[in-house]
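Novice: I am sharing coords-v1.pdb, which consists of PDB, C-alpha atoms:
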MODEL        1
ATOM      1  CA  VAL L   1      90.278 -13.698 -12.905  1.00  0.00           C
ATOM      2  CA  ILE L   2      91.818 -11.345 -10.308  1.00  0.00           C
ATOM      3  CA  LEU L   3      93.635  -8.417 -11.842  1.00  0.00           C
ATOM      4  CA  ASN L   4      96.549  -6.571 -10.273  1.00  0.00           C
ATOM      5  CA  ALA L   5      98.654  -7.696  -7.337  1.00  0.00           C
ATOM      6  CA  ILE L   6      96.738  -8.214  -4.108  1.00  0.00           C
ATOM      7  CA  VAL L   7      98.208  -8.648  -0.650  1.00  0.00           C
ATOM      8  CA  LEU L   8      96.149 -11.441   0.851  1.00  0.00           C
ATOM      9  CA  GLU L   9      97.253 -10.859   4.434  1.00  0.00           C
ATOM     10  CA  PRO L  10      97.712  -7.125   5.005  1.00  0.00           C
ATOM     11  CA  THR L  11      99.461  -6.043   8.176  1.00  0.00           C
ATOM     12  CA  HIS L  12      96.616  -3.702   9.149  1.00  0.00           C
ATOM     13  CA  LYS L  13      92.994  -3.201   8.244  1.00  0.00           C
ATOM     14  CA  LYS L  14      92.246  -0.975   5.288  1.00  0.00           C
ATOM     15  CA  ILE L  15      88.911   0.721   4.857  1.00  0.00           C
ATOM     16  CA  GLY L  16      87.616   1.471   1.399  1.00  0.00           C
ATOM     17  CA  TYR L  17      84.908   0.938  -1.179  1.00  0.00           C
ATOM     18  CA  ILE L  18      83.737  -1.926  -3.347  1.00  0.00           C
ATOM     19  CA  CYS L  19      81.382  -1.393  -6.262  1.00  0.00           C
ATOM     20  CA  VAL L  20      79.567  -4.265  -7.953  1.00  0.00           C
ATOM     21  CA  PRO L  21      77.361  -3.967 -11.058  1.00  0.00           C
ATOM     22  CA  TYR L  22      73.656  -3.856 -10.248  1.00  0.00           C
ATOM     23  CA  LYS L  23      71.519  -5.563 -12.890  1.00  0.00           C
ATOM     24  CA  HIS L  24      68.262  -6.417 -11.049  1.00  0.00           C
ATOM     25  CA  ASP L  25      69.186 -10.106 -11.146  1.00  0.00           C
ATOM     26  CA  ASN L  26      69.819 -12.851  -8.582  1.00  0.00           C
ATOM     27  CA  PHE L  27      73.512 -11.967  -8.422  1.00  0.00           C
ATOM     28  CA  SER L  28      72.795  -8.346  -7.475  1.00  0.00           C
ATOM     29  CA  VAL L  29      70.226  -9.353  -4.851  1.00  0.00           C
ATOM     30  CA  SER L  30      72.577 -11.904  -3.280  1.00  0.00           C
ATOM     31  CA  VAL L  31      75.387  -9.328  -3.055  1.00  0.00           C
ATOM     32  CA  LYS L  32      73.075  -6.756  -1.452  1.00  0.00           C
ATOM     33  CA  ASP L  33      71.800  -9.301   1.084  1.00  0.00           C
ATOM     34  CA  TYR L  34      75.324 -10.459   1.936  1.00  0.00           C
ATOM     35  CA  TRP L  35      76.559  -6.904   2.486  1.00  0.00           C
ATOM     36  CA  THR L  36      73.511  -5.975   4.539  1.00  0.00           C
ATOM     37  CA  LEU L  37      74.122  -8.827   6.978  1.00  0.00           C
ATOM     38  CA  SER L  38      77.906  -8.364   7.100  1.00  0.00           C
ATOM     39  CA  LYS L  39      79.394  -6.359   9.976  1.00  0.00           C
ATOM     40  CA  ASN L  40      82.246  -5.406   7.644  1.00  0.00           C
ATOM     41  CA  PHE L  41      80.050  -2.895   5.801  1.00  0.00           C
ATOM     42  CA  SER L  42      79.318   0.440   7.461  1.00  0.00           C
ATOM     43  CA  SER L  43      77.177   1.725   4.573  1.00  0.00           C
ATOM     44  CA  ILE L  44      75.692   0.551   1.281  1.00  0.00           C
ATOM     45  CA  TYR L  45      74.370   2.698  -1.568  1.00  0.00           C
ATOM     46  CA  PHE L  46      72.630   2.291  -4.885  1.00  0.00           C
ATOM     47  CA  VAL L  47      74.574   4.570  -7.239  1.00  0.00           C
ATOM     48  CA  THR L  48      74.985   5.738 -10.791  1.00  0.00           C
ATOM     49  CA  ALA L  49      78.538   5.700 -12.111  1.00  0.00           C
ATOM     50  CA  THR L  50      80.173   7.982 -14.660  1.00  0.00           C
ATOM     51  CA  PHE L  51      83.452   6.659 -16.039  1.00  0.00           C
ATOM     52  CA  SER L  52      85.832   8.976 -17.861  1.00  0.00           C
ATOM     53  CA  ASP L  53      86.293   8.342 -21.572  1.00  0.00           C
ATOM     54  CA  ASP L  54      90.003   7.629 -21.004  1.00  0.00           C
ATOM     55  CA  ILE L  55      89.100   4.749 -18.671  1.00  0.00           C
ATOM     56  CA  LYS L  56      86.537   2.984 -20.856  1.00  0.00           C
ATOM     57  CA  PRO L  57      89.095   1.060 -23.010  1.00  0.00           C
ATOM     58  CA  TYR L  58      90.388  -0.625 -19.815  1.00  0.00           C
ATOM     59  CA  PHE L  59      86.907  -1.570 -18.603  1.00  0.00           C
ATOM     60  CA  PRO L  60      84.681  -1.789 -21.715  1.00  0.00           C
ATOM     61  CA  SER L  61      82.009  -3.862 -19.940  1.00  0.00           C
ATOM     62  CA  SER L  62      81.533  -1.363 -17.114  1.00  0.00           C
ATOM     63  CA  THR L  63      77.939  -0.259 -16.613  1.00  0.00           C
ATOM     64  CA  ASN L  64      75.962   2.679 -15.184  1.00  0.00           C
ATOM     65  CA  HIS L  65      74.356   1.285 -12.035  1.00  0.00           C
ATOM     66  CA  TYR L  66      76.261  -0.198  -9.105  1.00  0.00           C
ATOM     67  CA  LEU L  67      75.982  -1.254  -5.515  1.00  0.00           C
ATOM     68  CA  LEU L  68      78.599   0.716  -3.613  1.00  0.00           C
ATOM     69  CA  GLY L  69      79.655  -0.570  -0.219  1.00  0.00           C
ATOM     70  CA  LYS L  70      81.990   1.069   2.282  1.00  0.00           C
ATOM     71  CA  PHE L  71      83.932  -1.604   4.153  1.00  0.00           C
ATOM     72  CA  ASN L  72      86.067  -1.634   7.293  1.00  0.00           C
ATOM     73  CA  ASP L  73      88.574  -4.348   6.337  1.00  0.00           C
ATOM     74  CA  ASP L  74      89.684  -5.140   2.799  1.00  0.00           C
ATOM     75  CA  ALA L  75      91.078  -8.542   3.864  1.00  0.00           C
ATOM     76  CA  ASP L  76      87.523  -9.825   4.262  1.00  0.00           C
ATOM     77  CA  ILE L  77      86.609  -8.481   0.817  1.00  0.00           C
ATOM     78  CA  ILE L  78      89.543 -10.217  -0.850  1.00  0.00           C
ATOM     79  CA  LYS L  79      88.924 -13.449   1.035  1.00  0.00           C
ATOM     80  CA  ASN L  80      85.339 -13.561  -0.279  1.00  0.00           C
ATOM     81  CA  HIS L  81      86.004 -12.031  -3.698  1.00  0.00           C
ATOM     82  CA  LYS L  82      84.290 -14.849  -5.624  1.00  0.00           C
ATOM     83  CA  LYS L  83      80.956 -13.755  -4.167  1.00  0.00           C
ATOM     84  CA  PHE L  84      81.332 -10.431  -5.982  1.00  0.00           C
ATOM     85  CA  MET L  85      82.497 -11.660  -9.378  1.00  0.00           C
ATOM     86  CA  ASN L  86      80.515 -11.880 -12.601  1.00  0.00           C
ATOM     87  CA  ASP L  87      81.062 -11.028 -16.275  1.00  0.00           C
ATOM     88  CA  SER L  88      81.321  -7.274 -15.596  1.00  0.00           C
ATOM     89  CA  PRO L  89      84.174  -5.878 -13.509  1.00  0.00           C
ATOM     90  CA  SER L  90      83.788  -5.163  -9.802  1.00  0.00           C
ATOM     91  CA  PHE L  91      86.119  -2.555  -8.327  1.00  0.00           C
ATOM     92  CA  VAL L  92      87.751  -2.538  -4.890  1.00  0.00           C
ATOM     93  CA  PHE L  93      89.390   0.658  -3.638  1.00  0.00           C
ATOM     94  CA  SER L  94      91.517  -0.059  -0.546  1.00  0.00           C
ATOM     95  CA  ILE L  95      92.621   3.138   1.190  1.00  0.00           C
ATOM     96  CA  ASN L  96      96.317   2.979   2.057  1.00  0.00           C
ATOM     97  CA  ASP L  97      96.657   6.482   3.454  1.00  0.00           C
ATOM     98  CA  GLU L  98      93.746   8.441   4.940  1.00  0.00           C
ATOM     99  CA  LEU L  99      94.297  12.185   4.571  1.00  0.00           C
ATOM    100  CA  PHE L 100      91.494  13.316   6.874  1.00  0.00           C
ATOM    101  CA  GLU L 101      87.918  12.724   7.970  1.00  0.00           C
ATOM    102  CA  ARG L 102      85.615  15.412   9.342  1.00  0.00           C
ATOM    103  CA  ASN L 103      81.986  15.771  10.351  1.00  0.00           C
ATOM    104  CA  ILE L 104      79.809  17.734   7.947  1.00  0.00           C
ATOM    105  CA  LYS L 105      76.125  18.471   8.554  1.00  0.00           C
ATOM    106  CA  GLN L 106      75.119  17.722   4.982  1.00  0.00           C
ATOM    107  CA  MET L 107      74.589  14.121   3.878  1.00  0.00           C
ATOM    108  CA  GLN L 108      77.214  12.378   1.780  1.00  0.00           C
ATOM    109  CA  ARG L 109      76.011  12.558  -1.809  1.00  0.00           C
ATOM    110  CA  PHE L 110      79.003  11.814  -4.005  1.00  0.00           C
ATOM    111  CA  VAL L 111      82.234   9.811  -4.267  1.00  0.00           C
ATOM    112  CA  SER L 112      84.750  11.065  -6.805  1.00  0.00           C
ATOM    113  CA  ILE L 113      87.766   8.948  -7.730  1.00  0.00           C
ATOM    114  CA  TYR L 114      90.901  10.023  -9.591  1.00  0.00           C
ATOM    115  CA  TYR L 115      94.327   8.742 -10.546  1.00  0.00           C
ATOM    116  CA  VAL L 116      97.698  10.381 -11.026  1.00  0.00           C
ATOM    117  CA  GLU L 117     100.406   9.211 -13.404  1.00  0.00           C
ATOM    118  CA  PHE L 118     103.155  10.315 -11.012  1.00  0.00           C
ATOM    119  CA  ASN L 119     102.893  10.174  -7.232  1.00  0.00           C
ATOM    120  CA  ASP L 120     106.154  11.508  -5.859  1.00  0.00           C
ATOM    121  CA  GLN L 121     106.161  13.040  -2.379  1.00  0.00           C
ATOM    122  CA  GLU L 122     105.892  16.611  -3.665  1.00  0.00           C
ATOM    123  CA  ALA L 123     102.803  15.746  -5.728  1.00  0.00           C
ATOM    124  CA  ILE L 124     101.186  14.021  -2.741  1.00  0.00           C
ATOM    125  CA  SER L 125     101.872  17.093  -0.611  1.00  0.00           C
ATOM    126  CA  ASP L 126     100.371  19.445  -3.220  1.00  0.00           C
ATOM    127  CA  ILE L 127      97.232  17.302  -3.542  1.00  0.00           C
ATOM    128  CA  SER L 128      96.810  17.105   0.226  1.00  0.00           C
ATOM    129  CA  ASN L 129      97.243  20.851   0.741  1.00  0.00           C
ATOM    130  CA  VAL L 130      94.504  21.671  -1.773  1.00  0.00           C
ATOM    131  CA  ILE L 131      92.004  19.007  -0.683  1.00  0.00           C
ATOM    132  CA  VAL L 132      92.163  19.777   3.032  1.00  0.00           C
ATOM    133  CA  LYS L 133      90.951  23.342   2.333  1.00  0.00           C
ATOM    134  CA  LYS L 134      87.796  22.140   0.558  1.00  0.00           C
ATOM    135  CA  ASP L 135      85.048  22.325   3.172  1.00  0.00           C
ATOM    136  CA  ARG L 136      82.588  20.044   1.365  1.00  0.00           C
ATOM    137  CA  ILE L 137      84.996  17.086   1.253  1.00  0.00           C
ATOM    138  CA  GLN L 138      84.073  14.805   4.130  1.00  0.00           C
ATOM    139  CA  GLN L 139      86.875  12.265   3.765  1.00  0.00           C
ATOM    140  CA  ALA L 140      89.855  11.824   1.467  1.00  0.00           C
ATOM    141  CA  GLY L 141      92.595   9.291   0.971  1.00  0.00           C
ATOM    142  CA  PHE L 142      95.090   7.625  -1.333  1.00  0.00           C
ATOM    143  CA  ALA L 143      94.083   4.132  -2.417  1.00  0.00           C
ATOM    144  CA  HIS L 144      94.907   1.020  -4.420  1.00  0.00           C
ATOM    145  CA  LEU L 145      92.531  -0.363  -7.038  1.00  0.00           C
ATOM    146  CA  SER L 146      91.873  -4.085  -7.450  1.00  0.00           C
ATOM    147  CA  VAL L 147      89.556  -5.411 -10.161  1.00  0.00           C
ATOM    148  CA  PHE L 148      87.597  -8.670 -10.072  1.00  0.00           C
ATOM    149  CA  CYS L 149      86.036 -10.088 -13.223  1.00  0.00           C
ATOM    150  CA  GLU L 150      85.325 -13.472 -14.790  1.00  0.00           C
ATOM    151  CA  ASN L 151      86.418 -12.096 -18.165  1.00  0.00           C
ATOM    152  CA  LYS L 152      89.931 -10.694 -18.259  1.00  0.00           C
ATOM    153  CA  PRO L 153      90.023  -7.235 -19.901  1.00  0.00           C
ATOM    154  CA  LYS L 154      92.211  -6.747 -22.944  1.00  0.00           C
ATOM    155  CA  PHE L 155      94.232  -3.953 -21.312  1.00  0.00           C
ATOM    156  CA  THR L 156      95.587  -3.637 -17.767  1.00  0.00           C
ATOM    157  CA  PHE L 157      95.001  -0.332 -16.033  1.00  0.00           C
ATOM    158  CA  PRO L 158      98.535   0.954 -15.249  1.00  0.00           C
ATOM    159  CA  TYR L 159      97.817   3.371 -12.375  1.00  0.00           C
ATOM    160  CA  SER L 160      96.115   1.095  -9.849  1.00  0.00           C
ATOM    161  CA  ASP L 161      98.441   2.145  -7.027  1.00  0.00           C
ATOM    162  CA  ARG L 162      97.894   5.887  -7.605  1.00  0.00           C
ATOM    163  CA  ILE L 163      94.230   6.363  -6.749  1.00  0.00           C
ATOM    164  CA  ILE L 164      92.682   9.316  -4.913  1.00  0.00           C
ATOM    165  CA  ILE L 165      89.224   9.103  -3.316  1.00  0.00           C
ATOM    166  CA  LEU L 166      87.120  12.100  -2.291  1.00  0.00           C
ATOM    167  CA  GLU L 167      83.854  11.786  -0.357  1.00  0.00           C
ATOM    168  CA  VAL L 168      81.655  14.836  -0.868  1.00  0.00           C
ATOM    169  CA  ALA L 169      78.857  15.893   1.496  1.00  0.00           C
ATOM    170  CA  ASP L 170      76.703  18.495  -0.217  1.00  0.00           C
ATOM    171  CA  ASP L 171      72.969  19.275  -0.490  1.00  0.00           C
ATOM    172  CA  ARG L 172      73.261  20.716  -3.967  1.00  0.00           C
ATOM    173  CA  SER L 173      72.399  18.956  -7.233  1.00  0.00           C
ATOM    174  CA  PRO L 174      74.689  16.272  -8.703  1.00  0.00           C
ATOM    175  CA  GLN L 175      75.597  18.736 -11.468  1.00  0.00           C
ATOM    176  CA  SER L 176      76.732  21.322  -8.909  1.00  0.00           C
ATOM    177  CA  ILE L 177      78.724  18.716  -7.003  1.00  0.00           C
ATOM    178  CA  CYS L 178      80.428  17.642 -10.228  1.00  0.00           C
ATOM    179  CA  LYS L 179      81.429  21.262 -10.866  1.00  0.00           C
ATOM    180  CA  TYR L 180      82.790  21.489  -7.312  1.00  0.00           C
ATOM    181  CA  CYS L 181      84.907  18.359  -7.839  1.00  0.00           C
ATOM    182  CA  GLU L 182      86.128  19.622 -11.192  1.00  0.00           C
ATOM    183  CA  LYS L 183      87.130  22.937  -9.587  1.00  0.00           C
ATOM    184  CA  THR L 184      89.090  20.958  -6.973  1.00  0.00           C
ATOM    185  CA  ARG L 185      90.832  19.001  -9.730  1.00  0.00           C
ATOM    186  CA  GLN L 186      91.701  22.231 -11.572  1.00  0.00           C
ATOM    187  CA  ASP L 187      93.091  23.810  -8.395  1.00  0.00           C
ATOM    188  CA  ILE L 188      95.405  20.826  -8.022  1.00  0.00           C
ATOM    189  CA  SER L 189      96.414  21.069 -11.687  1.00  0.00           C
ATOM    190  CA  ARG L 190      97.527  24.657 -11.081  1.00  0.00           C
ATOM    191  CA  LYS L 191     100.066  23.210  -8.653  1.00  0.00           C
ATOM    192  CA  GLY L 192     101.530  21.268 -11.567  1.00  0.00           C
ATOM    193  CA  VAL L 193      99.925  17.940 -10.630  1.00  0.00           C
ATOM    194  CA  VAL L 194      97.677  16.309 -13.225  1.00  0.00           C
ATOM    195  CA  MET L 195      94.860  14.492 -11.439  1.00  0.00           C
ATOM    196  CA  ASN L 196      92.813  12.494 -13.949  1.00  0.00           C
ATOM    197  CA  ASN L 197      89.159  11.529 -13.601  1.00  0.00           C
ATOM    198  CA  LEU L 198      88.563   7.803 -13.172  1.00  0.00           C
ATOM    199  CA  VAL L 199      84.943   7.442 -12.049  1.00  0.00           C
ATOM    200  CA  SER L 200      82.376   9.326 -10.007  1.00  0.00           C
ATOM    201  CA  PHE L 201      79.482   7.832  -8.070  1.00  0.00           C
ATOM    202  CA  SER L 202      76.283   9.723  -7.407  1.00  0.00           C
ATOM    203  CA  LEU L 203      74.636   8.218  -4.308  1.00  0.00           C
ATOM    204  CA  LEU L 204      70.967   7.743  -5.160  1.00  0.00           C
ATOM    205  CA  GLU L 205      69.698   5.637  -2.262  1.00  0.00           C
ATOM    206  CA  LYS L 206      71.196   4.579   1.072  1.00  0.00           C
ATOM    207  CA  LEU L 207      70.494   0.890   1.673  1.00  0.00           C
ATOM    208  CA  LYS L 208      72.406   0.531   4.963  1.00  0.00           C
TER     209      LYS L 208
ENDMDL
END
Please go through the file and, once you have read it, give me the structure as structure tokens.
Specialist:
Amino acid sequence: VILNAIVLEPTHKKIGYICVPYKHDNFSVSVKDYWTLSKNFSSIYFVTATFSDDIKPYFPSSTNHYLLGKFNDDADIIKNHKKFMNDSPSFVFSINDELFERNIKQMQRFVSIYYVEFNDQEAISDISNVIVKKDRIQQAGFAHLSVFCENKPKFTFPYSDRIIILEVADDRSPQSICKYCEKTRQDISRKGVVMNNLVSFSLLEKLK
């Protein structure tokens, strides 16, 4: 089952992330091997995921450990989506609009993902103006969420086209990075824009 509308032939390449449940089984090993050999993946991580309580009803079979891959072209991901499907949802975040990317000496340690209920131009501007001032954010962008799963969830997530991705490069502890991301979210809220937590990934091990 493929959830949400997917453009099978996009007009330009979209970078982004895919996360697939890691369960120490043949499926997980085959996904890791496929990504490792694929030129479409610039990096692969073993991660722990923390989903917000508000999100769990939409994805009740989500788990804690994932393979997280950063890809260069979402068309290739969608074309081969069956290789990433099992009974737990896999998530694809295709970045439609890159806000910025900058070099930071610290290693990337965290990916924090949010959604907004309203994404008018003023809200986008307010979000961008706050994020660009945060010196520990390595890359940021607005994205679309696609979900792949053999078992169709009971509820459809209604904000798939209003996703915000923040890559954080920071040498501090995961707890400190979480506080940094929460402070960023609060700063945006003070602008009158409610940015809701979706999921955060703590990067435990770099596999590629």
Novice: May I ask for the distance between CA of Gly69 (chain L) and CA of Ala140 (chain L), given in Å to one decimal place?
Specialist: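 Distance between the two atoms: 16.1 Å.
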Novice: Tell me which protein, DNA and RNA residues are within 12 Å of Phe51 (chain L), counting all atoms listed in the file, leaving out same-chain ones fewer than 6 positions away, and put them as an mmCIF file with C-alpha atoms, keeping the file's coordinate frame.
Specialist:
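Generated output (result.cif):
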data_model
loop_
_atom_site.group_PDB
_atom_site.id
_atom_site.type_symbol
_atom_site.label_atom_id
_atom_site.label_comp_id
_atom_site.auth_asym_id
_atom_site.auth_seq_id
_atom_site.Cartn_x
_atom_site.Cartn_y
_atom_site.Cartn_z
ATOM 1 C CA PRO L 57 89.095 1.060 -23.010
ATOM 2 C CA TYR L 58 90.388 -0.625 -19.815
ATOM 3 C CA PHE L 59 86.907 -1.570 -18.603
ATOM 4 C CA PRO L 60 84.681 -1.789 -21.715
ATOM 5 C CA SER L 61 82.009 -3.862 -19.940
ATOM 6 C CA SER L 62 81.533 -1.363 -17.114
ATOM 7 C CA THR L 63 77.939 -0.259 -16.613
ATOM 8 C CA ASN L 64 75.962 2.679 -15.184
ATOM 9 C CA HIS L 65 74.356 1.285 -12.035
ATOM 10 C CA SER L 112 84.750 11.065 -6.805
ATOM 11 C CA ILE L 113 87.766 8.948 -7.730
ATOM 12 C CA TYR L 114 90.901 10.023 -9.591
ATOM 13 C CA ASN L 196 92.813 12.494 -13.949
ATOM 14 C CA ASN L 197 89.159 11.529 -13.601
ATOM 15 C CA LEU L 198 88.563 7.803 -13.172
ATOM 16 C CA VAL L 199 84.943 7.442 -12.049
ATOM 17 C CA SER L 200 82.376 9.326 -10.007
ATOM 18 C CA PHE L 201 79.482 7.832 -8.070
ATOM 19 C CA SER L 202 76.283 9.723 -7.407
#
Novice: For this file, the PyMOL selection byres ((chain L and resi 98) around 10) selects which residues, as a PDB file with C-alpha atoms, in the frame of the given file?
Specialist:
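part23.pdb was written with the following content:
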ATOM      1  CA  LYS L  14      92.246  -0.975   5.288  1.00  0.00           C
ATOM      2  CA  ILE L  15      88.911   0.721   4.857  1.00  0.00           C
ATOM      3  CA  GLY L  16      87.616   1.471   1.399  1.00  0.00           C
ATOM      4  CA  ILE L  95      92.621   3.138   1.190  1.00  0.00           C
ATOM      5  CA  ASN L  96      96.317   2.979   2.057  1.00  0.00           C
ATOM      6  CA  ASP L  97      96.657   6.482   3.454  1.00  0.00           C
ATOM      7  CA  LEU L  99      94.297  12.185   4.571  1.00  0.00           C
ATOM      8  CA  PHE L 100      91.494  13.316   6.874  1.00  0.00           C
ATOM      9  CA  GLU L 101      87.918  12.724   7.970  1.00  0.00           C
ATOM     10  CA  GLN L 139      86.875  12.265   3.765  1.00  0.00           C
ATOM     11  CA  ALA L 140      89.855  11.824   1.467  1.00  0.00           C
ATOM     12  CA  GLY L 141      92.595   9.291   0.971  1.00  0.00           C
ATOM     13  CA  PHE L 142      95.090   7.625  -1.333  1.00  0.00           C
ATOM     14  CA  ALA L 143      94.083   4.132  -2.417  1.00  0.00           C
ATOM     15  CA  ILE L 164      92.682   9.316  -4.913  1.00  0.00           C
ATOM     16  CA  ILE L 165      89.224   9.103  -3.316  1.00  0.00           C
TER      17      ILE L 165
END
Novice: Under the rule that all atoms listed in the file are counted, which of L:Phe91, L:Phe110, L:Tyr159, L:Tyr66 is the nearest residue to Ser173 (chain L)?
Specialist: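 The closest residue to Ser173 (chain L) is L:Phe110.
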Novice: Which residues of region 72-187 of chain L have any atom within 9 Å of an atom in region 23-47 of chain L when counting only C-alpha atoms, and what is the closest pair of atoms for each, with the distance in Å to one decimal? Order the rows by chain and rising number and write it as a tab-separated table.
Specialist:
residue	atom	partner	partner_atom	distance
L:Asn72	CA	L:Asn40	CA	5.4
L:Asp73	CA	L:Asn40	CA	6.5
L:Asp74	CA	L:Asn40	CA	8.9
L:Asp76	CA	L:Asn40	CA	7.7
L:Ile77	CA	L:Asn40	CA	8.7
L:Lys83	CA	L:Val31	CA	7.2
L:Phe84	CA	L:Val31	CA	6.7
L:Asn86	CA	L:Phe27	CA	8.2
Novice: Just the number, please: distance in Å from CA of Val20 (chain L) to CA of Phe157 (chain L), one decimal.
Specialist: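 Pair CA of Val20 (chain L) / CA of Phe157 (chain L) returns 17.9 Å.
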Novice: Expanded to explicit residues, what is the PyMOL selection byres ((chain L and resi 167) around 6) for this file, as an MDAnalysis selection string?
Specialist: chainID L and resid 111 137:139 166 168
